[in-house]
>>> print(open('final.cif').read())   # mmCIF, C-alpha atoms
data_query
loop_
_atom_site.label_atom_id
_atom_site.label_comp_id
_atom_site.auth_asym_id
_atom_site.auth_seq_id
_atom_site.Cartn_x
_atom_site.Cartn_y
_atom_site.Cartn_z
CA MET Q 1 52.56 -54.39 24.82
CA ALA Q 2 53.56 -50.92 23.69
CA PHE Q 3 50.71 -48.53 22.90
CA PRO Q 4 50.51 -48.73 19.07
CA ASN Q 5 49.46 -45.23 18.05
CA VAL Q 6 51.89 -42.96 19.86
CA THR Q 7 52.08 -40.22 17.26
CA ASP Q 8 48.31 -40.28 16.89
CA ILE Q 9 48.07 -39.43 20.58
CA VAL Q 10 50.62 -36.64 20.16
CA ALA Q 11 48.79 -35.17 17.18
CA THR Q 12 45.35 -35.28 18.79
CA THR Q 13 46.70 -33.88 22.07
CA ILE Q 14 48.37 -30.97 20.29
CA GLU Q 15 45.22 -30.39 18.23
CA ALA Q 16 43.09 -30.30 21.39
CA ARG Q 17 45.46 -27.76 22.95
CA SER Q 18 46.00 -25.62 19.85
CA LYS Q 19 43.66 -22.74 20.79
CA LYS Q 20 45.04 -22.61 24.32
CA LEU Q 21 48.60 -22.80 23.02
CA ALA Q 22 48.03 -19.98 20.53
CA ASP Q 23 46.57 -17.86 23.34
CA ASN Q 24 49.55 -18.63 25.56
CA VAL Q 25 51.93 -17.48 22.84
CA THR Q 26 50.35 -14.01 22.85
CA LYS Q 27 50.37 -13.88 26.65
CA ASN Q 28 54.07 -14.74 26.72
CA ASN Q 29 55.04 -11.34 25.29
CA ALA Q 30 53.89 -7.86 26.36
CA LEU Q 31 53.37 -6.57 22.82
CA LEU Q 32 51.48 -9.67 21.67
CA ALA Q 33 49.34 -9.54 24.79
CA ARG Q 34 48.34 -5.95 23.95
CA LEU Q 35 47.66 -6.81 20.29
CA ASN Q 36 45.45 -9.69 21.40
CA GLU Q 37 43.66 -7.38 23.84
CA ARG Q 38 42.76 -4.85 21.14
CA GLY Q 39 41.83 -7.44 18.50
CA ASN Q 40 44.96 -7.04 16.37
CA VAL Q 41 45.71 -10.76 16.24
CA ARG Q 42 44.24 -11.49 12.80
CA THR Q 43 44.66 -14.79 11.03
CA VAL Q 44 45.53 -15.08 7.35
CA SER Q 45 43.78 -17.69 5.22
CA GLY Q 46 46.23 -17.85 2.33
CA GLY Q 47 48.17 -15.98 -0.34
CA SER Q 48 51.84 -15.74 -1.21
CA VAL Q 49 52.44 -12.81 1.18
CA ILE Q 50 50.67 -11.04 4.04
CA PHE Q 51 49.22 -7.68 2.95
CA GLU Q 52 48.74 -4.81 5.39
CA GLU Q 53 46.74 -1.97 3.84
CA LEU Q 54 47.80 1.58 4.67
CA SER Q 55 47.07 5.17 3.73
CA PHE Q 56 50.21 7.04 2.66
CA ALA Q 57 48.88 10.44 1.50
CA GLU Q 58 45.93 12.82 1.86
CA ASN Q 59 43.25 13.17 -0.81
CA ALA Q 60 44.31 16.27 -2.79
CA ASN Q 61 40.66 16.97 -3.73
CA VAL Q 62 39.97 18.33 -0.26
CA GLY Q 63 39.56 22.11 -0.07
CA TRP Q 64 37.32 25.10 0.48
CA TYR Q 65 34.81 26.36 -2.10
CA SER Q 66 32.13 29.01 -2.54
CA GLY Q 67 28.87 29.00 -4.49
CA TYR Q 68 29.28 27.60 -8.01
CA ASP Q 69 33.03 26.97 -7.79
CA LEU Q 70 34.14 23.85 -9.65
CA LEU Q 71 35.15 21.06 -7.30
CA PRO Q 72 38.18 18.86 -8.04
CA VAL Q 73 37.23 15.25 -8.67
CA ALA Q 74 40.50 13.77 -9.96
CA ALA Q 75 41.17 10.15 -9.04
CA GLN Q 76 43.45 9.87 -6.03
CA ASP Q 77 45.94 7.08 -5.39
CA VAL Q 78 46.25 7.25 -1.59
CA ILE Q 79 45.94 3.60 -0.51
CA SER Q 80 48.70 1.02 -0.78
CA SER Q 81 49.84 -2.10 1.06
CA ALA Q 82 52.91 -3.20 2.92
CA GLN Q 83 53.85 -6.80 2.17
CA TYR Q 84 55.29 -9.34 4.58
CA ASP Q 85 56.54 -12.85 3.89
CA PHE Q 86 55.27 -15.84 5.79
CA LYS Q 87 57.72 -17.04 8.42
CA GLN Q 88 57.54 -20.59 9.71
CA ALA Q 89 58.47 -22.23 13.01
CA ALA Q 90 58.19 -25.76 14.31
CA CYS Q 91 59.16 -27.91 17.26
CA ALA Q 92 59.33 -31.71 17.19
CA VAL Q 93 57.92 -33.99 19.89
CA THR Q 94 59.82 -37.28 19.60
CA ILE Q 95 59.51 -40.61 21.35
CA SER Q 96 61.80 -43.57 20.84
CA GLY Q 97 60.82 -47.20 20.58
CA LEU Q 98 62.58 -47.84 23.88
CA ASP Q 99 60.49 -45.17 25.62
CA GLN Q 100 57.36 -46.82 24.19
CA LEU Q 101 58.40 -50.16 25.65
CA ARG Q 102 59.24 -48.67 29.03
CA ASN Q 103 55.94 -46.78 29.18
CA ALA Q 104 53.72 -49.50 27.75
CA GLY Q 105 50.57 -48.63 29.69
CA GLN Q 106 48.32 -46.08 28.00
CA GLN Q 107 48.23 -43.77 31.02
CA GLN Q 108 52.00 -43.95 31.43
CA MET Q 109 52.42 -43.05 27.76
CA ILE Q 110 50.08 -40.08 28.03
CA ASP Q 111 51.96 -38.81 31.10
CA LEU Q 112 55.28 -39.07 29.27
CA LEU Q 113 53.96 -37.30 26.18
CA GLU Q 114 52.25 -34.62 28.24
CA GLY Q 115 55.58 -33.56 29.71
CA ARG Q 116 57.30 -33.51 26.34
CA ILE Q 117 54.49 -31.55 24.71
CA LYS Q 118 54.64 -28.93 27.49
CA VAL Q 119 58.37 -28.48 26.90
CA ALA Q 120 57.77 -28.14 23.14
CA GLU Q 121 55.02 -25.58 23.75
CA SER Q 122 57.18 -23.42 26.01
CA SER Q 123 60.05 -23.68 23.52
CA MET Q 124 57.79 -22.44 20.72
CA MET Q 125 56.47 -19.60 22.87
CA ASN Q 126 59.98 -18.44 23.70
CA LEU Q 127 61.10 -18.74 20.07
CA LEU Q 128 58.24 -16.52 18.88
CA ALA Q 129 58.63 -14.08 21.80
CA ALA Q 130 62.29 -13.62 20.83
CA GLY Q 131 61.22 -13.17 17.21
CA VAL Q 132 58.99 -10.25 18.17
CA TYR Q 133 62.15 -8.26 19.01
CA SER Q 134 64.19 -9.46 16.02
CA ASP Q 135 65.13 -7.82 12.73
CA GLY Q 136 64.19 -10.96 10.80
CA THR Q 137 67.72 -11.81 9.67
CA ALA Q 138 68.42 -14.74 12.02
CA ALA Q 139 68.31 -18.32 10.73
CA GLY Q 140 69.15 -17.13 7.26
CA GLY Q 141 66.26 -14.65 7.18
CA LYS Q 142 63.65 -17.22 8.25
CA GLN Q 143 62.89 -15.50 11.57
CA VAL Q 144 59.84 -13.35 12.29
CA VAL Q 145 60.40 -9.72 11.24
CA GLY Q 146 60.09 -8.05 14.64
CA LEU Q 147 60.56 -4.68 16.32
CA ASN Q 148 64.22 -4.32 15.37
CA ALA Q 149 63.00 -4.09 11.77
CA ALA Q 150 59.74 -2.24 12.42
CA VAL Q 151 61.44 0.35 14.68
CA PRO Q 152 65.13 0.14 13.73
CA VAL Q 153 68.09 1.99 15.17
CA ASN Q 154 68.41 3.88 11.87
CA PRO Q 155 64.91 4.56 10.48
CA LEU Q 156 66.16 6.49 7.44
CA VAL Q 157 67.31 3.49 5.42
CA GLY Q 158 66.27 -0.06 4.63
CA VAL Q 159 63.26 -1.82 3.15
CA TYR Q 160 60.52 -2.88 5.54
CA GLY Q 161 57.26 -4.44 4.43
CA GLY Q 162 58.42 -3.98 0.85
CA ILE Q 163 58.62 -0.17 1.25
CA ASP Q 164 61.94 1.71 1.06
CA ARG Q 165 62.33 4.11 3.99
CA ALA Q 166 64.96 6.12 2.13
CA THR Q 167 62.30 7.06 -0.44
CA TRP Q 168 59.11 7.26 1.62
CA VAL Q 169 59.22 9.60 4.63
CA PHE Q 170 55.82 8.41 5.91
CA TRP Q 171 57.30 4.95 6.50
CA ARG Q 172 60.03 6.13 8.88
CA SER Q 173 59.74 5.44 12.59
CA LYS Q 174 61.41 7.70 15.17
CA THR Q 175 64.64 6.86 16.96
CA THR Q 176 66.39 8.98 19.59
CA THR Q 177 69.67 8.13 21.29
CA ALA Q 178 70.25 10.11 24.46
CA GLY Q 179 73.46 12.14 24.63
CA ALA Q 180 74.42 10.51 27.93
CA ALA Q 181 73.22 7.53 29.93
CA LEU Q 182 69.68 8.20 31.13
CA ASP Q 183 69.06 8.44 34.86
CA LYS Q 184 66.14 9.33 37.10
CA ALA Q 185 66.81 13.06 36.56
CA THR Q 186 66.78 12.91 32.73
CA ILE Q 187 64.50 10.07 31.70
CA GLN Q 188 61.26 12.07 32.12
CA ASP Q 189 62.41 14.70 29.62
CA ALA Q 190 63.52 11.98 27.21
CA PHE Q 191 60.14 10.26 27.48
CA ASN Q 192 58.35 13.60 26.97
CA ALA Q 193 60.27 14.37 23.78
CA MET Q 194 59.80 10.91 22.27
CA TRP Q 195 56.10 10.76 23.12
CA ALA Q 196 55.45 14.24 21.64
CA SER Q 197 57.19 13.28 18.37
CA LEU Q 198 54.71 10.40 17.88
CA VAL Q 199 51.43 12.21 18.56
CA ARG Q 200 49.03 13.02 15.72
CA GLY Q 201 45.61 14.15 16.86
CA MET Q 202 44.11 11.19 18.72
CA ASP Q 203 46.97 8.91 17.69
CA ARG Q 204 49.62 8.43 20.35
CA PRO Q 205 51.67 5.60 21.88
CA ASP Q 206 49.65 3.29 24.11
CA LEU Q 207 52.38 0.81 25.04
CA ILE Q 208 55.98 1.49 26.08
CA VAL Q 209 58.02 -1.72 26.29
CA VAL Q 210 61.24 -1.47 28.29
CA ASP Q 211 64.12 -3.62 29.48
CA ASN Q 212 65.40 -3.91 33.06
CA PHE Q 213 67.61 -0.81 32.83
CA MET Q 214 64.92 1.51 31.46
CA TRP Q 215 62.39 0.09 33.91
CA GLY Q 216 64.65 0.77 36.89
CA VAL Q 217 65.52 4.31 35.81
CA TYR Q 218 61.93 5.28 35.00
CA LEU Q 219 60.61 3.70 38.20
CA ALA Q 220 63.21 5.60 40.23
CA SER Q 221 62.02 8.86 38.66
CA LEU Q 222 58.48 8.11 39.92
CA GLN Q 223 59.19 6.93 43.46
CA ALA Q 224 58.22 10.21 45.08
CA GLN Q 225 54.95 10.24 43.15
CA GLN Q 226 53.93 6.75 44.35
CA ARG Q 227 52.77 5.41 40.98
CA PHE Q 228 51.13 1.98 41.05
CA THR Q 229 50.84 -0.95 38.68
CA GLY Q 230 48.01 -0.74 36.13
CA THR Q 231 45.51 -3.50 36.87
CA GLU Q 232 44.53 -4.48 33.33
CA THR Q 233 47.96 -5.30 31.99
CA GLY Q 234 48.95 -6.57 35.41
CA LYS Q 235 46.36 -9.32 35.06
CA LEU Q 236 48.27 -10.57 32.03
CA GLY Q 237 51.33 -11.04 34.19
CA PHE Q 238 53.48 -8.03 33.25
CA PRO Q 239 54.62 -5.40 35.77
CA THR Q 240 53.17 -2.09 34.57
CA ILE Q 241 53.31 1.59 35.42
CA LYS Q 242 51.87 4.57 33.57
CA TYR Q 243 53.32 7.31 31.41
CA MET Q 244 50.64 9.74 30.22
CA ASP Q 245 47.89 7.24 29.39
CA ALA Q 246 50.30 4.61 28.02
CA ASP Q 247 51.32 1.44 29.84
CA VAL Q 248 55.03 1.15 30.56
CA VAL Q 249 55.68 -2.59 30.62
CA LEU Q 250 58.73 -4.51 31.81
CA ASP Q 251 59.39 -7.24 29.26
CA GLY Q 252 62.84 -8.07 30.57
CA GLY Q 253 63.51 -9.91 33.79
CA ILE Q 254 65.03 -13.41 33.83
CA GLY Q 255 65.48 -14.66 30.28
CA GLY Q 256 63.57 -11.71 28.81
CA PHE Q 257 64.01 -10.68 25.20
CA ALA Q 258 63.62 -6.90 25.48
CA VAL Q 259 66.50 -5.00 23.86
CA ALA Q 260 69.03 -3.65 26.37
CA LYS Q 261 68.76 0.03 27.36
CA THR Q 262 65.85 0.53 24.97
CA ALA Q 263 62.27 1.75 25.31
CA TYR Q 264 59.89 1.08 22.43
CA PHE Q 265 57.10 3.65 22.19
CA LEU Q 266 54.41 1.73 20.31
CA ASN Q 267 51.05 2.70 18.89
CA THR Q 268 49.56 -0.78 18.72
CA LYS Q 269 46.66 0.45 16.59
CA TYR Q 270 49.07 0.05 13.67
CA LEU Q 271 50.73 -3.24 14.66
CA PHE Q 272 49.37 -6.74 13.99
CA TRP Q 273 50.18 -10.38 14.73
CA ARG Q 274 49.17 -12.35 11.62
CA PRO Q 275 49.32 -16.15 12.04
CA HIS Q 276 48.01 -18.41 9.27
CA SER Q 277 44.62 -19.84 10.18
CA ASP Q 278 45.76 -23.38 9.32
CA ARG Q 279 49.18 -23.14 10.95
CA ASN Q 280 48.66 -21.50 14.33
CA MET Q 281 50.36 -23.84 16.82
CA VAL Q 282 48.88 -27.03 15.38
CA PRO Q 283 50.28 -30.50 14.55
CA LEU Q 284 51.74 -30.40 11.05
CA SER Q 285 50.33 -33.79 10.18
CA PRO Q 286 47.73 -36.08 11.76
CA ASN Q 287 49.64 -39.08 10.42
CA LYS Q 288 52.55 -40.94 11.91
CA ARG Q 289 56.06 -39.73 11.13
CA TYR Q 290 58.74 -42.37 11.48
CA ALA Q 291 62.46 -41.73 11.43
CA ILE Q 292 63.92 -43.57 8.45
CA ASN Q 293 67.01 -44.84 10.24
CA GLN Q 294 65.91 -44.71 13.89
CA ASP Q 295 63.41 -46.49 16.11
CA ALA Q 296 61.42 -43.32 16.84
CA GLU Q 297 58.17 -41.50 16.11
CA VAL Q 298 57.87 -37.75 15.64
CA GLN Q 299 55.13 -35.11 15.58
CA LEU Q 300 55.70 -31.42 14.86
CA ILE Q 301 54.01 -28.36 16.35
CA GLY Q 302 53.87 -25.76 13.58
CA TRP Q 303 53.29 -22.03 13.21
CA ALA Q 304 53.38 -19.65 10.23
CA GLY Q 305 52.80 -15.90 9.97
CA ASN Q 306 54.53 -12.64 10.81
CA LEU Q 307 54.41 -9.42 12.80
CA THR Q 308 53.16 -6.62 10.54
CA ALA Q 309 52.70 -2.85 10.64
CA SER Q 310 50.48 -0.39 8.81
CA GLY Q 311 51.91 2.79 10.35
CA SER Q 312 55.66 2.96 10.98
CA GLN Q 313 55.67 6.71 11.58
CA PHE Q 314 53.71 6.18 14.81
CA GLN Q 315 56.36 3.94 16.39
CA GLY Q 316 59.41 5.14 18.34
CA ARG Q 317 62.59 3.88 19.91
CA LEU Q 318 64.46 5.58 22.76
CA ILE Q 319 68.01 4.38 23.42
CA SER Q 320 70.24 5.07 26.39
CA PRO Q 321 74.02 4.87 25.74
#
>>> encode(input="final.cif", output="structure tokens")
Amino acid sequence: MAFPNVTDIVATTIEARSKKLADNVTKNNALLARLNERGNVRTVSGGSVIFEELSFAENANVGWYSGYDLLPVAAQDVISSAQYDFKQAACAVTISGLDQLRNAGQQQMIDLLEGRIKVAESSMMNLLAAGVYSDGTAAGGKQVVGLNAAVPVNPLVGVYGGIDRATWVFWRSKTTTAGAALDKATIQDAFNAMWASLVRGMDRPDLIVVDNFMWGVYLASLQAQQRFTGTETGKLGFPTIKYMDADVVLDGGIGGFAVAKTAYFLNTKYLFWRPHSDRNMVPLSPNKRYAINQDAEVQLIGWAGNLTASGSQFQGRLISP
């Protein structure tokens, strides 16, 4: 006879793999891997939006004094929050009544479901990895708000995290488009200028994410210097070379999602991956879900959260025509 609790098996299998699956999502993308490495994957327990606290101005009370000079003590409003909506994603694992009959033995059923769950997991990982580079407008605005919104082509306009860039200068990232296509003779100067524009004291880019074109041009500019892959990021599976003390990471390749002819100069101290603690690659329901008009059972892998930033001015984008 057919195994009676198919969806129960799916739900419990997904539940058992949830932590591993969530980890694999971060490892599937260079930026998420770095955020996970520095502890910037922080779950959210609830609320209508995701808040990211930030400092937008200095305390005007600071200053020199002598002897009995009066010291300014006026209240200072220097802390605010960027706000990000929850985005949701899901992937269904479905099995028909006919498949149940054909795979009646328990072990056969588990083998069949294992393959389908693996496909669903990889599909979810790719969906979220693509979302990391998005502007959040796909699927009717339901997509993760990614780097194309955090570090846009035009950083002087638009609302990001609930803050209007046209009004608030501190919330503007840096974007530079080279005057001509970058090559091995010009890319070093372009990198130098972008990196310098993002340095503030100890703050500086620590991750430079590039596509195939930028990777090839930058690598060609280093050939004579015999630079080698950095071991730490290399262990996560991403080819890496160094610029200053930042990792230059290829996040292109076959089926990659990196934006063409673009290098993102990222200070990951100010970037965060914020999944909901109760919706981080888990089954949406432990109960059976039956199709109303089909002989089939369904279970959904679900995720909710967003990519957030607390310091847009520390992020840069270099574009080659």
>>> resolve_selection(input="final.cif", expression="the PyMOL selection byres ((chain Q and resi 187-198) around 8)", output="list of chain:residue names")
Q:Lys174, Q:Thr176, Q:Ala178, Q:Leu182, Q:Asp183, Q:Lys184, Q:Ala185, Q:Thr186, Q:Val199, Q:Arg200, Q:Asp203, Q:Arg204, Q:Pro205, Q:Val217, Q:Tyr218, Q:Ser221, Q:Phe265, Q:Gln313, Q:Phe314, Q:Gln315, Q:Gly316, Q:Arg317, Q:Leu318
>>> closest_residue(input="final.cif", among="Q:Ile208, Q:Lys87, Q:Leu250, Q:Thr268", to="Q:Gly140", atoms="only C-alpha atoms")
Q:Lys87
>>> atom_distance(input="final.cif", atom1="atom CA of Q:Gly305", atom2="atom CA of Q:Met124")
13.5 Å
>>> resolve_selection(input="final.cif", expression="the PyMOL selection byres ((chain Q and resi 181) around 6)", output="MDAnalysis selection string")
chainID Q and resid 180 182 320:321
>>> atom_distance(input="final.cif", atom1="atom CA of Q:Arg172", atom2="atom CA of Q:Val157")
8.5 Å
>>> closest_residue(input="final.cif", among="Q:Gly311, Q:Gly47, Q:Gly302, Q:Gly136", to="Q:Tyr270", atoms="only C-alpha atoms")
Q:Gly311
>>> resolve_selection(input="final.cif", expression="the PyMOL selection byres ((chain Q and resi 143) around 9)", output="CSV table (one decimal) with C-alpha atoms, keeping the file's coordinate frame")
chain,number,residue,atom,x,y,z
Q,87,LYS,CA,57.7,-17.0,8.4
Q,88,GLN,CA,57.5,-20.6,9.7
Q,89,ALA,CA,58.5,-22.2,13.0
Q,128,LEU,CA,58.2,-16.5,18.9
Q,131,GLY,CA,61.2,-13.2,17.2
Q,134,SER,CA,64.2,-9.5,16.0
Q,135,ASP,CA,65.1,-7.8,12.7
Q,136,GLY,CA,64.2,-11.0,10.8
Q,137,THR,CA,67.7,-11.8,9.7
Q,138,ALA,CA,68.4,-14.7,12.0
Q,139,ALA,CA,68.3,-18.3,10.7
Q,140,GLY,CA,69.2,-17.1,7.3
Q,141,GLY,CA,66.3,-14.6,7.2
Q,142,LYS,CA,63.6,-17.2,8.2
Q,144,VAL,CA,59.8,-13.4,12.3
Q,145,VAL,CA,60.4,-9.7,11.2
Q,146,GLY,CA,60.1,-8.0,14.6
Q,306,ASN,CA,54.5,-12.6,10.8
>>> closest_atom_pairs(input="final.cif", of="stretch 106-181 of chain Q", to="stretch 256-260 of chain Q", cutoff="9 Å", atoms="only C-alpha atoms", output="Markdown table")
| residue | atom | partner | partner_atom | distance |
| --- | --- | --- | --- | --- |
| Q:Asn126 | CA | Q:Phe257 | CA | 8.9 |
| Q:Ala129 | CA | Q:Phe257 | CA | 7.2 |
| Q:Ala130 | CA | Q:Phe257 | CA | 5.5 |
| Q:Gly131 | CA | Q:Phe257 | CA | 8.8 |
| Q:Val132 | CA | Q:Phe257 | CA | 8.6 |
| Q:Tyr133 | CA | Q:Ala258 | CA | 6.8 |
| Q:Asn148 | CA | Q:Val259 | CA | 8.8 |
>>> atom_distance(input="final.cif", atom1="atom CA of Q:Val210", atom2="atom CA of Q:Val248")
7.1 Å
>>> closest_residue(input="final.cif", among="Q:Val153, Q:Met214, Q:Trp273, Q:Ala166", to="Q:Glu52", atoms="only C-alpha atoms")
Q:Trp273
